[in-house]
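Q: For reference, the file run_13.pdb (PDB, C-alpha atoms) is included below:
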ATOM      1  CA  VAL A 493       0.000   0.000   0.000  1.00  0.00           C
ATOM      2  CA  ALA A 494       1.373   3.405  -0.976  1.00  0.00           C
ATOM      3  CA  PRO A 495       1.793   5.989   1.800  1.00  0.00           C
ATOM      4  CA  ARG A 496      -0.751   8.824   2.105  1.00  0.00           C
ATOM      5  CA  PHE A 497       0.524  12.363   1.817  1.00  0.00           C
ATOM      6  CA  GLY A 498      -2.601  13.951   3.265  1.00  0.00           C
ATOM      7  CA  LYS A 499      -5.301  12.761   5.620  1.00  0.00           C
ATOM      8  CA  ASP A 500      -8.002  13.140   2.992  1.00  0.00           C
ATOM      9  CA  ILE A 501      -6.135  11.136   0.339  1.00  0.00           C
ATOM     10  CA  PRO A 502      -7.105   7.428   0.408  1.00  0.00           C
ATOM     11  CA  PRO A 503      -4.372   4.797   0.284  1.00  0.00           C
ATOM     12  CA  VAL A 504      -3.539   3.452  -3.167  1.00  0.00           C
ATOM     13  CA  LYS A 505      -2.751  -0.189  -3.630  1.00  0.00           C
ATOM     14  CA  LEU A 506       0.241  -0.624  -5.906  1.00  0.00           C
ATOM     15  CA  GLU A 507      -0.060  -3.630  -8.193  1.00  0.00           C
ATOM     16  CA  VAL A 508       2.421  -5.059 -10.660  1.00  0.00           C
ATOM     17  CA  ILE A 509       0.912  -4.855 -14.111  1.00  0.00           C
ATOM     18  CA  ARG A 510       2.113  -7.807 -16.177  1.00  0.00           C
ATOM     19  CA  PHE A 511       2.772  -7.179 -19.838  1.00  0.00           C
ATOM     20  CA  MET A 512       0.493  -9.238 -22.031  1.00  0.00           C
ATOM     21  CA  TYR A 513       1.139 -10.189 -25.639  1.00  0.00           C
ATOM     22  CA  THR A 514      -1.998  -9.850 -27.733  1.00  0.00           C
ATOM     23  CA  CYS A 515      -2.857 -12.797 -29.977  1.00  0.00           C
ATOM     24  CA  ALA A 516      -5.044 -13.306 -33.016  1.00  0.00           C
ATOM     25  CA  SER A 517      -6.092 -16.894 -33.669  1.00  0.00           C
ATOM     26  CA  PHE A 518      -6.969 -18.251 -37.113  1.00  0.00           C
ATOM     27  CA  PHE A 519      -8.563 -21.616 -37.854  1.00  0.00           C
ATOM     28  CA  ALA A 520      -9.074 -21.462 -34.109  1.00  0.00           C
ATOM     29  CA  GLY A 521     -11.114 -24.664 -33.705  1.00  0.00           C
ATOM     30  CA  VAL A 522     -12.086 -25.172 -30.074  1.00  0.00           C
ATOM     31  CA  GLY A 523      -9.157 -23.017 -28.944  1.00  0.00           C
ATOM     32  CA  GLY A 524      -6.566 -25.613 -27.957  1.00  0.00           C
ATOM     33  CA  ILE A 525      -3.576 -23.567 -29.108  1.00  0.00           C
ATOM     34  CA  ASP A 526      -5.047 -20.390 -27.636  1.00  0.00           C
ATOM     35  CA  LYS A 527      -5.624 -22.060 -24.261  1.00  0.00           C
ATOM     36  CA  GLY A 528      -2.027 -23.250 -24.139  1.00  0.00           C
ATOM     37  CA  PHE A 529      -0.750 -19.743 -24.785  1.00  0.00           C
ATOM     38  CA  GLU A 530      -3.092 -18.147 -22.252  1.00  0.00           C
ATOM     39  CA  ASN A 531      -2.060 -20.714 -19.631  1.00  0.00           C
ATOM     40  CA  ALA A 532       1.490 -19.388 -19.977  1.00  0.00           C
ATOM     41  CA  GLY A 533       0.203 -16.225 -18.318  1.00  0.00           C
ATOM     42  CA  ILE A 534       1.564 -13.582 -20.706  1.00  0.00           C
ATOM     43  CA  PHE A 535      -0.675 -14.034 -23.744  1.00  0.00           C
ATOM     44  CA  LYS A 536      -4.229 -12.821 -24.344  1.00  0.00           C
ATOM     45  CA  THR A 537      -6.299 -13.740 -27.397  1.00  0.00           C
ATOM     46  CA  ILE A 538      -8.175 -10.671 -28.613  1.00  0.00           C
ATOM     47  CA  TYR A 539      -9.457 -12.023 -31.928  1.00  0.00           C
ATOM     48  CA  ALA A 540     -10.383 -15.492 -33.179  1.00  0.00           C
ATOM     49  CA  ASN A 541     -11.597 -16.691 -36.555  1.00  0.00           C
ATOM     50  CA  GLU A 542     -13.203 -20.097 -37.157  1.00  0.00           C
ATOM     51  CA  PHE A 543     -15.532 -20.998 -40.029  1.00  0.00           C
ATOM     52  CA  ASP A 544     -17.048 -24.181 -38.533  1.00  0.00           C
ATOM     53  CA  PRO A 545     -19.933 -23.279 -36.177  1.00  0.00           C
ATOM     54  CA  PHE A 546     -19.655 -26.442 -34.070  1.00  0.00           C
ATOM     55  CA  PRO A 547     -16.181 -25.920 -32.547  1.00  0.00           C
ATOM     56  CA  VAL A 548     -17.090 -22.240 -32.153  1.00  0.00           C
ATOM     57  CA  LYS A 549     -19.681 -23.236 -29.542  1.00  0.00           C
ATOM     58  CA  THR A 550     -16.964 -24.881 -27.473  1.00  0.00           C
ATOM     59  CA  TYR A 551     -14.525 -22.017 -28.042  1.00  0.00           C
ATOM     60  CA  GLU A 552     -16.970 -19.434 -26.750  1.00  0.00           C
ATOM     61  CA  LYS A 553     -17.653 -21.578 -23.652  1.00  0.00           C
ATOM     62  CA  ASN A 554     -13.942 -21.538 -22.814  1.00  0.00           C
ATOM     63  CA  PHE A 555     -13.094 -17.945 -23.734  1.00  0.00           C
ATOM     64  CA  ASP A 556     -14.719 -14.610 -23.071  1.00  0.00           C
ATOM     65  CA  LEU A 557     -14.517 -13.777 -26.759  1.00  0.00           C
ATOM     66  CA  LYS A 558     -16.949 -13.687 -29.646  1.00  0.00           C
ATOM     67  CA  VAL A 559     -15.542 -15.653 -32.576  1.00  0.00           C
ATOM     68  CA  ASP A 560     -15.553 -14.233 -36.097  1.00  0.00           C
ATOM     69  CA  CYS A 561     -17.248 -17.064 -38.013  1.00  0.00           C
ATOM     70  CA  ARG A 562     -16.682 -15.723 -41.504  1.00  0.00           C
ATOM     71  CA  ASP A 563     -14.705 -17.550 -44.163  1.00  0.00           C
ATOM     72  CA  ILE A 564     -11.155 -16.264 -43.697  1.00  0.00           C
ATOM     73  CA  ARG A 565     -11.107 -15.341 -47.390  1.00  0.00           C
ATOM     74  CA  GLU A 566     -13.772 -12.747 -46.637  1.00  0.00           C
ATOM     75  CA  VAL A 567     -11.915 -11.190 -43.701  1.00  0.00           C
ATOM     76  CA  LYS A 568      -9.980  -8.038 -44.509  1.00  0.00           C
ATOM     77  CA  ALA A 569      -6.777  -7.495 -42.554  1.00  0.00           C
ATOM     78  CA  SER A 570      -7.998  -3.984 -41.737  1.00  0.00           C
ATOM     79  CA  GLU A 571     -10.985  -5.513 -39.894  1.00  0.00           C
ATOM     80  CA  ILE A 572      -8.719  -7.399 -37.490  1.00  0.00           C
ATOM     81  CA  PRO A 573      -7.455  -5.553 -34.412  1.00  0.00           C
ATOM     82  CA  ASP A 574      -3.702  -5.071 -34.224  1.00  0.00           C
ATOM     83  CA  PHE A 575      -1.998  -7.986 -32.508  1.00  0.00           C
ATOM     84  CA  GLN A 576       1.516  -9.154 -31.648  1.00  0.00           C
ATOM     85  CA  VAL A 577       1.237 -12.918 -32.050  1.00  0.00           C
ATOM     86  CA  MET A 578      -0.449 -14.853 -34.847  1.00  0.00           C
ATOM     87  CA  LEU A 579      -1.692 -18.322 -33.885  1.00  0.00           C
ATOM     88  CA  ALA A 580      -2.794 -20.691 -36.635  1.00  0.00           C
ATOM     89  CA  GLY A 581      -3.321 -24.408 -36.978  1.00  0.00           C
ATOM     90  CA  PHE A 582      -4.168 -24.067 -40.654  1.00  0.00           C
ATOM     91  CA  PRO A 583      -6.123 -26.909 -42.352  1.00  0.00           C
ATOM     92  CA  CYS A 584      -4.091 -30.086 -42.610  1.00  0.00           C
ATOM     93  CA  GLN A 585      -6.310 -32.346 -44.736  1.00  0.00           C
ATOM     94  CA  ALA A 586      -4.469 -31.458 -47.942  1.00  0.00           C
ATOM     95  CA  PHE A 587      -1.142 -32.566 -46.439  1.00  0.00           C
ATOM     96  CA  SER A 588      -2.097 -35.409 -44.105  1.00  0.00           C
ATOM     97  CA  VAL A 589      -1.217 -39.048 -44.835  1.00  0.00           C
ATOM     98  CA  ALA A 590      -4.857 -39.755 -43.923  1.00  0.00           C
ATOM     99  CA  GLY A 591      -6.013 -37.791 -46.999  1.00  0.00           C
ATOM    100  CA  TYR A 592      -5.170 -37.500 -50.689  1.00  0.00           C
ATOM    101  CA  ARG A 593      -2.166 -35.255 -50.002  1.00  0.00           C
ATOM    102  CA  LYS A 594      -2.864 -32.897 -52.901  1.00  0.00           C
ATOM    103  CA  GLY A 595      -1.367 -29.969 -51.042  1.00  0.00           C
ATOM    104  CA  PHE A 596      -1.789 -26.620 -52.766  1.00  0.00           C
ATOM    105  CA  ASP A 597      -3.773 -28.408 -55.517  1.00  0.00           C
ATOM    106  CA  ASP A 598      -6.490 -29.592 -53.159  1.00  0.00           C
ATOM    107  CA  GLU A 599      -9.828 -29.263 -55.000  1.00  0.00           C
ATOM    108  CA  LYS A 600     -11.595 -27.947 -51.898  1.00  0.00           C
ATOM    109  CA  GLY A 601      -9.100 -25.109 -51.558  1.00  0.00           C
ATOM    110  CA  ARG A 602      -7.877 -26.199 -48.137  1.00  0.00           C
ATOM    111  CA  GLY A 603      -4.245 -26.377 -49.215  1.00  0.00           C
ATOM    112  CA  THR A 604      -4.095 -22.736 -50.236  1.00  0.00           C
ATOM    113  CA  LEU A 605      -5.637 -21.316 -47.068  1.00  0.00           C
ATOM    114  CA  PHE A 606      -2.109 -20.802 -45.761  1.00  0.00           C
ATOM    115  CA  PHE A 607      -1.832 -17.928 -48.228  1.00  0.00           C
ATOM    116  CA  GLU A 608      -4.727 -16.190 -46.479  1.00  0.00           C
ATOM    117  CA  LEU A 609      -2.474 -16.092 -43.426  1.00  0.00           C
ATOM    118  CA  VAL A 610       0.290 -14.658 -45.599  1.00  0.00           C
ATOM    119  CA  ARG A 611      -2.074 -11.950 -46.800  1.00  0.00           C
ATOM    120  CA  ILE A 612      -2.880 -11.034 -43.214  1.00  0.00           C
ATOM    121  CA  PHE A 613       0.608 -11.096 -41.725  1.00  0.00           C
ATOM    122  CA  LYS A 614       1.970  -9.080 -44.653  1.00  0.00           C
ATOM    123  CA  GLU A 615      -0.303  -6.239 -43.585  1.00  0.00           C
ATOM    124  CA  LYS A 616      -0.437  -6.682 -39.807  1.00  0.00           C
ATOM    125  CA  LYS A 617       3.284  -7.470 -39.290  1.00  0.00           C
ATOM    126  CA  PRO A 618       2.935  -9.364 -35.982  1.00  0.00           C
ATOM    127  CA  GLU A 619       6.067  -9.849 -33.907  1.00  0.00           C
ATOM    128  CA  ILE A 620       5.634 -13.615 -33.704  1.00  0.00           C
ATOM    129  CA  ILE A 621       3.897 -16.200 -35.884  1.00  0.00           C
ATOM    130  CA  PHE A 622       3.106 -19.644 -34.474  1.00  0.00           C
ATOM    131  CA  LEU A 623       1.919 -22.312 -36.924  1.00  0.00           C
ATOM    132  CA  GLU A 624       0.965 -25.943 -36.380  1.00  0.00           C
ATOM    133  CA  ASN A 625       0.219 -28.711 -38.848  1.00  0.00           C
ATOM    134  CA  VAL A 626       0.594 -32.425 -39.492  1.00  0.00           C
ATOM    135  CA  LYS A 627       4.043 -33.988 -39.554  1.00  0.00           C
ATOM    136  CA  ASN A 628       3.693 -34.855 -43.247  1.00  0.00           C
ATOM    137  CA  LEU A 629       3.717 -31.164 -44.188  1.00  0.00           C
ATOM    138  CA  VAL A 630       7.522 -31.296 -43.915  1.00  0.00           C
ATOM    139  CA  SER A 631       7.944 -34.026 -46.522  1.00  0.00           C
ATOM    140  CA  HIS A 632       4.935 -33.298 -48.745  1.00  0.00           C
ATOM    141  CA  ASP A 633       5.861 -33.048 -52.439  1.00  0.00           C
ATOM    142  CA  ASN A 634       9.453 -33.950 -51.601  1.00  0.00           C
ATOM    143  CA  GLY A 635       9.695 -31.012 -49.227  1.00  0.00           C
ATOM    144  CA  ASN A 636       8.696 -28.401 -51.817  1.00  0.00           C
ATOM    145  CA  THR A 637       5.462 -27.428 -50.049  1.00  0.00           C
ATOM    146  CA  PHE A 638       7.266 -26.790 -46.790  1.00  0.00           C
ATOM    147  CA  GLN A 639       9.951 -24.758 -48.550  1.00  0.00           C
ATOM    148  CA  VAL A 640       7.261 -22.511 -50.041  1.00  0.00           C
ATOM    149  CA  ILE A 641       5.868 -21.864 -46.546  1.00  0.00           C
ATOM    150  CA  LEU A 642       9.300 -21.112 -45.100  1.00  0.00           C
ATOM    151  CA  GLN A 643      10.111 -18.822 -48.018  1.00  0.00           C
ATOM    152  CA  GLU A 644       6.923 -16.817 -47.567  1.00  0.00           C
ATOM    153  CA  LEU A 645       7.807 -16.201 -43.937  1.00  0.00           C
ATOM    154  CA  GLN A 646      11.416 -15.321 -44.680  1.00  0.00           C
ATOM    155  CA  ASN A 647      10.463 -13.010 -47.535  1.00  0.00           C
ATOM    156  CA  GLU A 648       8.371 -10.969 -45.098  1.00  0.00           C
ATOM    157  CA  GLY A 649      11.269 -10.532 -42.714  1.00  0.00           C
ATOM    158  CA  TYR A 650      10.884 -13.411 -40.266  1.00  0.00           C
ATOM    159  CA  SER A 651      13.471 -15.726 -38.730  1.00  0.00           C
ATOM    160  CA  VAL A 652      12.010 -19.213 -38.699  1.00  0.00           C
ATOM    161  CA  LYS A 653      12.452 -22.173 -36.376  1.00  0.00           C
ATOM    162  CA  PHE A 654      10.589 -25.471 -36.711  1.00  0.00           C
ATOM    163  CA  GLN A 655      10.503 -28.929 -35.217  1.00  0.00           C
ATOM    164  CA  VAL A 656       8.305 -32.025 -35.185  1.00  0.00           C
ATOM    165  CA  LEU A 657       7.114 -32.706 -31.630  1.00  0.00           C
ATOM    166  CA  ASN A 658       5.031 -35.548 -30.230  1.00  0.00           C
ATOM    167  CA  ALA A 659       2.255 -34.663 -27.775  1.00  0.00           C
ATOM    168  CA  MET A 660       2.829 -37.831 -25.742  1.00  0.00           C
ATOM    169  CA  GLU A 661       6.232 -36.476 -24.665  1.00  0.00           C
ATOM    170  CA  TYR A 662       4.833 -33.176 -23.379  1.00  0.00           C
ATOM    171  CA  GLY A 663       2.391 -32.844 -20.531  1.00  0.00           C
ATOM    172  CA  ASN A 664       2.375 -36.635 -20.074  1.00  0.00           C
ATOM    173  CA  ILE A 665      -0.580 -37.176 -22.426  1.00  0.00           C
ATOM    174  CA  PRO A 666      -1.238 -40.756 -23.624  1.00  0.00           C
ATOM    175  CA  GLN A 667      -1.669 -39.897 -27.307  1.00  0.00           C
ATOM    176  CA  ASN A 668       0.827 -40.449 -30.102  1.00  0.00           C
ATOM    177  CA  ARG A 669       0.312 -37.152 -31.939  1.00  0.00           C
ATOM    178  CA  GLU A 670       3.213 -35.858 -34.016  1.00  0.00           C
ATOM    179  CA  ARG A 671       2.906 -32.328 -35.371  1.00  0.00           C
ATOM    180  CA  ILE A 672       5.184 -29.789 -37.010  1.00  0.00           C
ATOM    181  CA  TYR A 673       5.485 -26.555 -35.068  1.00  0.00           C
ATOM    182  CA  ILE A 674       6.767 -23.445 -36.802  1.00  0.00           C
ATOM    183  CA  VAL A 675       7.805 -20.379 -34.804  1.00  0.00           C
ATOM    184  CA  ALA A 676       8.693 -17.236 -36.750  1.00  0.00           C
ATOM    185  CA  PHE A 677      10.097 -14.090 -35.134  1.00  0.00           C
ATOM    186  CA  ARG A 678      10.081 -10.765 -36.908  1.00  0.00           C
ATOM    187  CA  ASN A 679      13.727 -10.001 -37.613  1.00  0.00           C
ATOM    188  CA  ASP A 680      13.839  -6.790 -35.611  1.00  0.00           C
ATOM    189  CA  ILE A 681      12.849  -8.584 -32.402  1.00  0.00           C
ATOM    190  CA  ALA A 682      14.179 -12.092 -33.101  1.00  0.00           C
ATOM    191  CA  PRO A 683      16.098 -13.625 -30.180  1.00  0.00           C
ATOM    192  CA  GLU A 684      19.683 -14.647 -30.774  1.00  0.00           C
ATOM    193  CA  GLU A 685      18.863 -18.144 -29.579  1.00  0.00           C
ATOM    194  CA  PHE A 686      15.664 -20.158 -29.488  1.00  0.00           C
ATOM    195  CA  GLU A 687      15.199 -23.789 -28.561  1.00  0.00           C
ATOM    196  CA  PHE A 688      12.099 -25.938 -28.568  1.00  0.00           C
ATOM    197  CA  PRO A 689      11.377 -27.517 -25.187  1.00  0.00           C
ATOM    198  CA  LYS A 690      12.903 -30.859 -24.335  1.00  0.00           C
ATOM    199  CA  ALA A 691      10.649 -33.876 -24.005  1.00  0.00           C
ATOM    200  CA  THR A 692       9.311 -34.287 -20.484  1.00  0.00           C
ATOM    201  CA  ASP A 693       7.442 -37.455 -19.561  1.00  0.00           C
ATOM    202  CA  ASP A 694       5.630 -40.184 -21.505  1.00  0.00           C
ATOM    203  CA  THR A 695       4.885 -42.667 -18.756  1.00  0.00           C
ATOM    204  CA  LYS A 696       1.118 -42.195 -18.599  1.00  0.00           C
ATOM    205  CA  ARG A 697      -0.987 -44.812 -20.387  1.00  0.00           C
ATOM    206  CA  ILE A 698      -4.626 -44.947 -21.469  1.00  0.00           C
ATOM    207  CA  LYS A 699      -5.403 -47.262 -18.529  1.00  0.00           C
ATOM    208  CA  ASP A 700      -4.241 -44.490 -16.188  1.00  0.00           C
ATOM    209  CA  ILE A 701      -7.003 -42.113 -17.272  1.00  0.00           C
ATOM    210  CA  VAL A 702      -9.926 -44.379 -18.174  1.00  0.00           C
ATOM    211  CA  GLU A 703     -12.594 -44.567 -15.480  1.00  0.00           C
ATOM    212  CA  GLU A 704     -12.758 -47.843 -13.597  1.00  0.00           C
ATOM    213  CA  LYS A 705     -16.547 -47.593 -13.707  1.00  0.00           C
ATOM    214  CA  PRO A 706     -17.531 -45.758 -16.912  1.00  0.00           C
ATOM    215  CA  VAL A 707     -20.587 -43.563 -16.544  1.00  0.00           C
TER     216      VAL A 707
END
What is this file in structure tokens?
A:
Amino acid sequence: VAPRFGKDIPPVKLEVIRFMYTCASFFAGVGGIDKGFENAGIFKTIYANEFDPFPVKTYEKNFDLKVDCRDIREVKASEIPDFQVMLAGFPCQAFSVAGYRKGFDDEKGRGTLFFELVRIFKEKKPEIIFLENVKNLVSHDNGNTFQVILQELQNEGYSVKFQVLNAMEYGNIPQNRERIYIVAFRNDIAPEEFEFPKATDDTKRIKDIVEEKPV
């Protein structure tokens, strides 16, 4: 409590105001990536875009934020509030081994939605871009698809780091889920060193979390 300099002046409680990085989330789904960032304590999602109305219902239950449900192709960059961190788990069906792997030639247009992100970050110039996708994105079309993505980021002045991580080795989650994570820092604020976290624990098994007496 701050001292009072006069008897009529009430005491003022001094609080430490923590700096928060503002995030904009695209292809937000139910908000899994967003929740992870917010749990870190220094990130706040101020805008989210998700076209599918069903995950939006879950997202809005977990976040005090109204989701923009428009097709991202209809969203102008000028309509998005300024933000510091772009979060995007862009559609993976065009690159996944579980699909036809047509990449940028996907007939449904899912493979080219990455370029909608490019359109937005070219104008908004966020400090950090965080992207997530299936492991096969790295090797799709003999690595050419991934090189296009890296080149787009580098051409706009970003230093890029990437690594395939498996969810079962982080947070002790019993699910074999390999994904490529791409972290891009704008060159003017890029750290000299950046390392992805080391694997933690993978000892938990399905039997450890399944109810003994299912409801």
Q: To test your reading of the syntax: which residues would the PyMOL selection byres ((chain A and resi 620) around 6) return for the file shown? Reply as a ChimeraX atom specification.
A: /A:577,618-619,621,676-677
Q: What's the 9 Å shell around Leu579 in chain A, counting all atoms listed in the file, without same-chain residues fewer than 5 positions away, as number ranges by chain?
A: A: 515-520, 525-526, 620-624
Q: Could you state the separation of CA of Arg671 in chain A and CA of Ile701 in chain A in Å, given to one decimal place?
A: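 CA of Ile701 in chain A lies at a distance of 22.8 Å from CA of Arg671 in chain A.
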Q: Rounded to one decimal, what separation in Å do you get between CA of Gly663 in chain A and CA of Lys696 in chain A?
A: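 For CA of Gly663 in chain A relative to CA of Lys696 in chain A, the distance reads 9.6 Å.
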Q: Quick check on the file I pasted: which residues fall under the PyMOL selection byres ((chain A and resi 660) around 9)? Write them as a list in words.
A: Leu657, Asn658, Ala659, Glu661, Tyr662, Gly663, Asn664, Ile665, Pro666, Gln667, Asn668, Arg669, Glu670, Ala691, Asp693, Asp694, Thr695 and Lys696 of chain A
Q: Go through A:Glu687, A:Asp556, A:Asp680, A:Asp563 one by one, measure the shortest atom-to-atom distance of each to Phe654 in chain A using all atoms listed in the file, and give the residue with the smallest value.
A: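 Looking at the shortest contact to Phe654 in chain A, the residue is A:Glu687.
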Q: Give me, please, the distance in Å between CA of Met578 in chain A and CA of Asp560 in chain A, quoted to one decimal.
A: 15.2 Å
Q: Would you list the contacts of Glu571 in chain A as a ChimeraX atom specification, taking every protein, DNA or RNA residue within 12 Å and counting only C-alpha atoms, but skipping same-chain residues closer than 2 positions in sequence?
A: /A:516,539,541,560,562,564,566-569,573-575,612,615-616
Q: Name the closest residue to Asn679 in chain A among the candidates A:Phe511, A:Phe546, A:Tyr650, A:Phe606; distances are taken between atoms, counting all atoms listed in the file.
A: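 That would be A:Tyr650, the residue with the smallest distance to Asn679 in chain A.
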Q: Using only C-alpha atoms, which protein or nucleic acid residues come within 7 Å of Leu629 in chain A? Drop anything in the same chain fewer than 3 positions from it, and give the result as a PyMOL selection string.
A: chain A and resi 587+625-626+632+638
Q: Pull the neighbourhood of (-14.8, -18.9, -27.4) for me: all residues within 12 Å in file coordinates, counting all atoms listed in the file, as a VMD selection string.
A: chain A and resid 517 520 to 524 526 to 527 537 to 542 545 to 561
Q: Please produce a file of those selected residues containing C-alpha atoms, as a PDB file, in the frame of the given file.
A:
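And here's part-v8.pdb as it stands now:
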ATOM      1  CA  SER A 517      -6.092 -16.894 -33.669  1.00  0.00           C
ATOM      2  CA  ALA A 520      -9.074 -21.462 -34.109  1.00  0.00           C
ATOM      3  CA  GLY A 521     -11.114 -24.664 -33.705  1.00  0.00           C
ATOM      4  CA  VAL A 522     -12.086 -25.172 -30.074  1.00  0.00           C
ATOM      5  CA  GLY A 523      -9.157 -23.017 -28.944  1.00  0.00           C
ATOM      6  CA  GLY A 524      -6.566 -25.613 -27.957  1.00  0.00           C
ATOM      7  CA  ASP A 526      -5.047 -20.390 -27.636  1.00  0.00           C
ATOM      8  CA  LYS A 527      -5.624 -22.060 -24.261  1.00  0.00           C
ATOM      9  CA  THR A 537      -6.299 -13.740 -27.397  1.00  0.00           C
ATOM     10  CA  ILE A 538      -8.175 -10.671 -28.613  1.00  0.00           C
ATOM     11  CA  TYR A 539      -9.457 -12.023 -31.928  1.00  0.00           C
ATOM     12  CA  ALA A 540     -10.383 -15.492 -33.179  1.00  0.00           C
ATOM     13  CA  ASN A 541     -11.597 -16.691 -36.555  1.00  0.00           C
ATOM     14  CA  GLU A 542     -13.203 -20.097 -37.157  1.00  0.00           C
ATOM     15  CA  PRO A 545     -19.933 -23.279 -36.177  1.00  0.00           C
ATOM     16  CA  PHE A 546     -19.655 -26.442 -34.070  1.00  0.00           C
ATOM     17  CA  PRO A 547     -16.181 -25.920 -32.547  1.00  0.00           C
ATOM     18  CA  VAL A 548     -17.090 -22.240 -32.153  1.00  0.00           C
ATOM     19  CA  LYS A 549     -19.681 -23.236 -29.542  1.00  0.00           C
ATOM     20  CA  THR A 550     -16.964 -24.881 -27.473  1.00  0.00           C
ATOM     21  CA  TYR A 551     -14.525 -22.017 -28.042  1.00  0.00           C
ATOM     22  CA  GLU A 552     -16.970 -19.434 -26.750  1.00  0.00           C
ATOM     23  CA  LYS A 553     -17.653 -21.578 -23.652  1.00  0.00           C
ATOM     24  CA  ASN A 554     -13.942 -21.538 -22.814  1.00  0.00           C
ATOM     25  CA  PHE A 555     -13.094 -17.945 -23.734  1.00  0.00           C
ATOM     26  CA  ASP A 556     -14.719 -14.610 -23.071  1.00  0.00           C
ATOM     27  CA  LEU A 557     -14.517 -13.777 -26.759  1.00  0.00           C
ATOM     28  CA  LYS A 558     -16.949 -13.687 -29.646  1.00  0.00           C
ATOM     29  CA  VAL A 559     -15.542 -15.653 -32.576  1.00  0.00           C
ATOM     30  CA  ASP A 560     -15.553 -14.233 -36.097  1.00  0.00           C
ATOM     31  CA  CYS A 561     -17.248 -17.064 -38.013  1.00  0.00           C
TER      32      CYS A 561
END
Q: What's the 9 Å shell around Val610 in chain A, counting all atoms listed in the file, without same-chain residues fewer than 6 positions away, as a PyMOL selection string?
A: chain A and resi 644-645+648
Q: Choose the residue, out of A:Phe543, A:Phe607, A:Glu685, A:Glu704, that has the smallest atom-to-atom separation from Gln643 in chain A; count only C-alpha atoms.
A: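 Closest to Gln643 in chain A, using only C-alpha atoms: A:Phe607.
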Q: Select, from A:Val652, A:Ala580, A:Ile572, A:Met512, the residue with the minimum atom-to-atom distance to Pro683 in chain A, counting only C-alpha atoms.
A: A:Val652
